[in-house]
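Everything on this sheet refers to the single structure shown next.
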Amino acid sequence: MSSNRPHSIHHVNFPTTNPERTKEWYCRVFGMHHVDVSHLTNTKVLLLSRGNFELHFTPIETMQRMAPFHYAVEVEDWDGFLGHLKSLGVRYTKAVERPQNQSKFCYIHDPDGTMIELTYHGRREDLKTPTQEPRAVSEQPIEARA
């Protein structure tokens with residue numbers, strides 16, 4: 001059966017002025033891991049995976065202003081994640097609660113200034129139980145990606 005509905009976002013790609021610093025920051029803050037694809041392509045790209053999503057970063061010389069562009073990451077434990085940020089010294093904006101659904105959000109910035117919205121929807125059923133981390137999309141066999 002065919003469908004014209006997308007399944008999910010595979011990855012997003014952002015610029016970085018310092019791939020090593022970017023890799024270290026995203027691995028510490030979001031628990032991502034580096035997937036080395038240098039032996040597969042001559043394209044310079046930093047590929048980071050969380051298992052259920054990937055972020056790609058393309059090295060550039062100078063950063064252009066990204067605001068107000070951003071992406072959002074849903075967290076499973078709001079207070080726990082803010083505590084994690086505090087322990088790492090990562091500053092975040094004042095948290096705001098949306099009255100229509102009691103969700104929360106705030107913003108952080110990566111070392112290149114890319115804005116990241118952190119969101120939490122405590123009423124979402126799919127966030128109530130811990131999830132097993134699947135392999136990175138790029139590590140899955142091609143037939144499993146379809």
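Following the order of the structure tokens, chains are lettered A, B, ..., residues in each are numbered from 1, and ligands are numbered from 1.
Excluding A:Cys27 itself and any same-chain residue fewer than 4 positions from it, the protein and nucleic acid residues within 12 Å of it, counting only C-alpha atoms, are Glu20, Arg21, Thr22, Lys23, Gly31, Met32, His33, His34, Val35, Leu47, Leu48, Ser49, Arg50, Glu54, Leu55, Leu88 and Asp110 of chain A.
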If you keep C-alpha atoms, can you produce a file of those selected residues as a tab-separated table (two decimals), in the first residue's frame?
chain	number	residue	atom	x	y	z
A	20	GLU	CA	34.91	19.06	16.97
A	21	ARG	CA	33.41	21.55	19.45
A	22	THR	CA	29.95	20.89	17.99
A	23	LYS	CA	30.38	17.12	18.33
A	31	GLY	CA	23.63	12.11	24.56
A	32	MET	CA	24.27	11.82	20.83
A	33	HIS	CA	27.07	9.80	19.30
A	34	HIS	CA	29.25	10.44	16.29
A	35	VAL	CA	28.72	8.27	13.20
A	47	LEU	CA	26.87	13.18	11.49
A	48	LEU	CA	25.49	12.82	15.03
A	49	SER	CA	22.80	10.35	16.04
A	50	ARG	CA	20.53	9.84	19.01
A	54	GLU	CA	20.09	12.55	13.44
A	55	LEU	CA	21.66	15.97	13.16
A	88	LEU	CA	26.79	21.24	32.35
A	110	ASP	CA	24.66	25.58	20.75
From a DSSP calculation on the backbone, collect every residue of stretch 6-140 of chain A in alpha helix (DSSP H) and output the set as a CSV table (one decimal) with N, CA and C atoms, in the first residue's frame.
chain,number,residue,atom,x,y,z
A,19,PRO,N,33.6,21.8,13.9
A,19,PRO,CA,32.9,20.5,14.0
A,19,PRO,C,33.3,19.7,15.3
A,20,GLU,N,34.5,19.8,15.8
A,20,GLU,CA,34.9,19.1,17.0
A,20,GLU,C,34.2,19.6,18.2
A,21,ARG,N,34.1,20.9,18.3
A,21,ARG,CA,33.4,21.5,19.4
A,21,ARG,C,31.9,21.2,19.4
A,22,THR,N,31.4,21.2,18.2
A,22,THR,CA,29.9,20.9,18.0
A,22,THR,C,29.7,19.4,18.4
A,23,LYS,N,30.5,18.5,18.0
A,23,LYS,CA,30.4,17.1,18.3
A,23,LYS,C,30.4,16.9,19.8
A,24,GLU,N,31.4,17.5,20.5
A,24,GLU,CA,31.5,17.4,22.0
A,24,GLU,C,30.3,18.0,22.7
A,25,TRP,N,29.8,19.1,22.2
A,25,TRP,CA,28.6,19.8,22.9
A,25,TRP,C,27.4,18.9,22.7
A,26,TYR,N,27.1,18.5,21.5
A,26,TYR,CA,25.8,17.7,21.3
A,26,TYR,C,25.9,16.3,22.0
A,27,CYS,N,27.1,15.7,22.0
A,27,CYS,CA,27.2,14.5,22.7
A,27,CYS,C,27.0,14.6,24.2
A,28,ARG,N,27.5,15.7,24.8
A,28,ARG,CA,27.3,16.0,26.3
A,28,ARG,C,25.8,16.4,26.6
A,29,VAL,N,25.3,17.3,25.8
A,29,VAL,CA,24.0,17.8,26.1
A,29,VAL,C,22.8,16.9,25.7
A,30,PHE,N,22.9,16.2,24.6
A,30,PHE,CA,21.8,15.4,24.1
A,30,PHE,C,22.1,13.9,24.1
A,78,TRP,N,11.2,16.9,32.1
A,78,TRP,CA,11.5,18.4,32.1
A,78,TRP,C,12.5,18.8,33.2
A,79,ASP,N,12.1,18.5,34.4
A,79,ASP,CA,13.0,18.9,35.5
A,79,ASP,C,14.4,18.2,35.5
A,80,GLY,N,14.4,17.0,35.1
A,80,GLY,CA,15.6,16.2,35.0
A,80,GLY,C,16.5,16.8,33.9
A,81,PHE,N,15.9,17.2,32.8
A,81,PHE,CA,16.8,17.7,31.7
A,81,PHE,C,17.3,19.1,32.1
A,82,LEU,N,16.5,19.9,32.7
A,82,LEU,CA,16.9,21.3,33.1
A,82,LEU,C,18.1,21.1,34.1
A,83,GLY,N,17.9,20.1,35.0
A,83,GLY,CA,19.0,19.9,36.0
A,83,GLY,C,20.3,19.4,35.3
A,84,HIS,N,20.1,18.6,34.2
A,84,HIS,CA,21.3,18.2,33.4
A,84,HIS,C,22.0,19.4,32.8
A,85,LEU,N,21.2,20.3,32.2
A,85,LEU,CA,21.7,21.5,31.6
A,85,LEU,C,22.5,22.3,32.6
A,86,LYS,N,21.9,22.5,33.8
A,86,LYS,CA,22.5,23.3,34.9
A,86,LYS,C,23.8,22.6,35.3
A,87,SER,N,23.9,21.3,35.4
A,87,SER,CA,25.1,20.6,35.8
A,87,SER,C,26.2,20.8,34.7
A,88,LEU,N,25.8,21.0,33.4
A,88,LEU,CA,26.8,21.2,32.4
A,88,LEU,C,27.1,22.7,32.2
Determine, using only C-alpha atoms, which residues of stretch 41-94 of chain A have any atom at most 10 Å from an atom of stretch 100-105 of chain A, and tabulate each with its shortest atom pair and distance in Å to one decimal place, rows ordered by chain and then rising number, as CSV.
residue,atom,partner,partner_atom,distance
A:Ala72,CA,A:Phe105,CA,9.1
A:Val73,CA,A:Phe105,CA,9.7
A:Glu74,CA,A:Phe105,CA,9.1
A:Val75,CA,A:Phe105,CA,9.8
A:Trp78,CA,A:Lys104,CA,8.1
A:Thr93,CA,A:Phe105,CA,9.0
A:Lys94,CA,A:Phe105,CA,8.6
Filtering to N, CA and C atoms, could you give me those residues as a PDB file, in the first residue's frame?
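Final output, saved to out-v2.pdb:
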ATOM      1  N   ALA A  72      13.195  22.107  17.463  1.00  0.00           N
ATOM      2  CA  ALA A  72      12.761  21.764  18.813  1.00  0.00           C
ATOM      3  C   ALA A  72      13.064  20.303  19.115  1.00  0.00           C
ATOM      4  N   VAL A  73      13.463  20.057  20.345  1.00  0.00           N
ATOM      5  CA  VAL A  73      13.720  18.714  20.844  1.00  0.00           C
ATOM      6  C   VAL A  73      12.770  18.461  22.009  1.00  0.00           C
ATOM      7  N   GLU A  74      11.999  17.385  21.920  1.00  0.00           N
ATOM      8  CA  GLU A  74      11.097  16.984  23.002  1.00  0.00           C
ATOM      9  C   GLU A  74      11.901  16.227  24.048  1.00  0.00           C
ATOM     10  N   VAL A  75      11.756  16.595  25.314  1.00  0.00           N
ATOM     11  CA  VAL A  75      12.447  15.886  26.397  1.00  0.00           C
ATOM     12  C   VAL A  75      11.427  15.061  27.173  1.00  0.00           C
ATOM     13  N   TRP A  78      11.222  16.930  32.126  1.00  0.00           N
ATOM     14  CA  TRP A  78      11.505  18.366  32.102  1.00  0.00           C
ATOM     15  C   TRP A  78      12.483  18.776  33.183  1.00  0.00           C
ATOM     16  N   THR A  93      16.656  29.832  28.635  1.00  0.00           N
ATOM     17  CA  THR A  93      15.736  30.936  28.882  1.00  0.00           C
ATOM     18  C   THR A  93      14.722  30.527  29.946  1.00  0.00           C
ATOM     19  N   LYS A  94      13.977  31.489  30.407  1.00  0.00           N
ATOM     20  CA  LYS A  94      12.913  31.210  31.360  1.00  0.00           C
ATOM     21  C   LYS A  94      11.906  30.263  30.711  1.00  0.00           C
TER      22      LYS A  94
END
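A straight-line distance of 19.7 Å separates atom CA of A:Val37 from atom CA of A:Ile9.
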Using only C-alpha atoms, determine which residues lie at most 10 Å from A:Ser8, disregarding the query and same-chain residues fewer than 3 positions distant; provide the list as a list in words. Arg5, His11 and Phe53 of chain A
If you run DSSP over the backbone, which residues in stretch 10-128 of chain A end up strand (DSSP E or B)? Put them as number ranges by chain. A: 11-16, 33-34, 46-49, 54-59, 70-74, 96-98, 103-109, 115-120
Write the residues you've just listed into a file as an mmCIF file, in the first residue's frame, and include C-alpha atoms for each of them.
data_model
loop_
_atom_site.group_PDB
_atom_site.id
_atom_site.type_symbol
_atom_site.label_atom_id
_atom_site.label_comp_id
_atom_site.auth_asym_id
_atom_site.auth_seq_id
_atom_site.Cartn_x
_atom_site.Cartn_y
_atom_site.Cartn_z
ATOM 1 C CA HIS A 11 17.725 14.573 9.748
ATOM 2 C CA VAL A 12 18.347 18.276 9.576
ATOM 3 C CA ASN A 13 21.625 19.873 8.558
ATOM 4 C CA PHE A 14 23.102 22.963 10.182
ATOM 5 C CA PRO A 15 26.312 24.884 9.645
ATOM 6 C CA THR A 16 29.162 24.716 12.156
ATOM 7 C CA HIS A 33 27.067 9.796 19.297
ATOM 8 C CA HIS A 34 29.247 10.437 16.286
ATOM 9 C CA LEU A 46 29.587 15.776 10.911
ATOM 10 C CA LEU A 47 26.867 13.180 11.493
ATOM 11 C CA LEU A 48 25.492 12.820 15.025
ATOM 12 C CA SER A 49 22.799 10.350 16.044
ATOM 13 C CA GLU A 54 20.085 12.549 13.443
ATOM 14 C CA LEU A 55 21.660 15.966 13.160
ATOM 15 C CA HIS A 56 24.156 16.725 10.406
ATOM 16 C CA PHE A 57 26.559 19.667 10.474
ATOM 17 C CA THR A 58 28.423 21.100 7.518
ATOM 18 C CA PRO A 59 31.668 22.959 8.258
ATOM 19 C CA HIS A 70 15.391 26.968 15.262
ATOM 20 C CA TYR A 71 14.438 23.364 15.806
ATOM 21 C CA ALA A 72 12.761 21.764 18.813
ATOM 22 C CA VAL A 73 13.720 18.714 20.844
ATOM 23 C CA GLU A 74 11.097 16.984 23.002
ATOM 24 C CA VAL A 96 7.061 29.087 29.625
ATOM 25 C CA GLU A 97 3.988 26.902 30.105
ATOM 26 C CA ARG A 98 1.346 26.834 27.391
ATOM 27 C CA SER A 103 3.270 21.855 27.738
ATOM 28 C CA LYS A 104 6.483 23.695 28.568
ATOM 29 C CA PHE A 105 9.273 25.175 26.498
ATOM 30 C CA CYS A 106 12.477 27.146 26.786
ATOM 31 C CA TYR A 107 15.462 27.839 24.532
ATOM 32 C CA ILE A 108 19.166 27.052 24.555
ATOM 33 C CA HIS A 109 21.910 27.834 22.025
ATOM 34 C CA MET A 115 18.723 28.204 18.716
ATOM 35 C CA ILE A 116 17.196 24.989 20.081
ATOM 36 C CA GLU A 117 13.743 24.916 21.627
ATOM 37 C CA LEU A 118 13.296 22.359 24.385
ATOM 38 C CA THR A 119 9.726 21.156 24.735
ATOM 39 C CA TYR A 120 7.892 18.935 27.176
#
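Interatomic distance, atom CA of A:Thr17 against atom CA of A:Arg65: 12.4 Å.
The two atoms in question, atom CA of A:Met63 and atom CA of A:Asn18, are spaced 10.2 Å apart.
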Select, from A:Asn42, A:Ala95, A:Glu76, A:Pro68, the residue with the minimum atom-to-atom distance to A:Gly113, counting only C-alpha atoms. A:Pro68
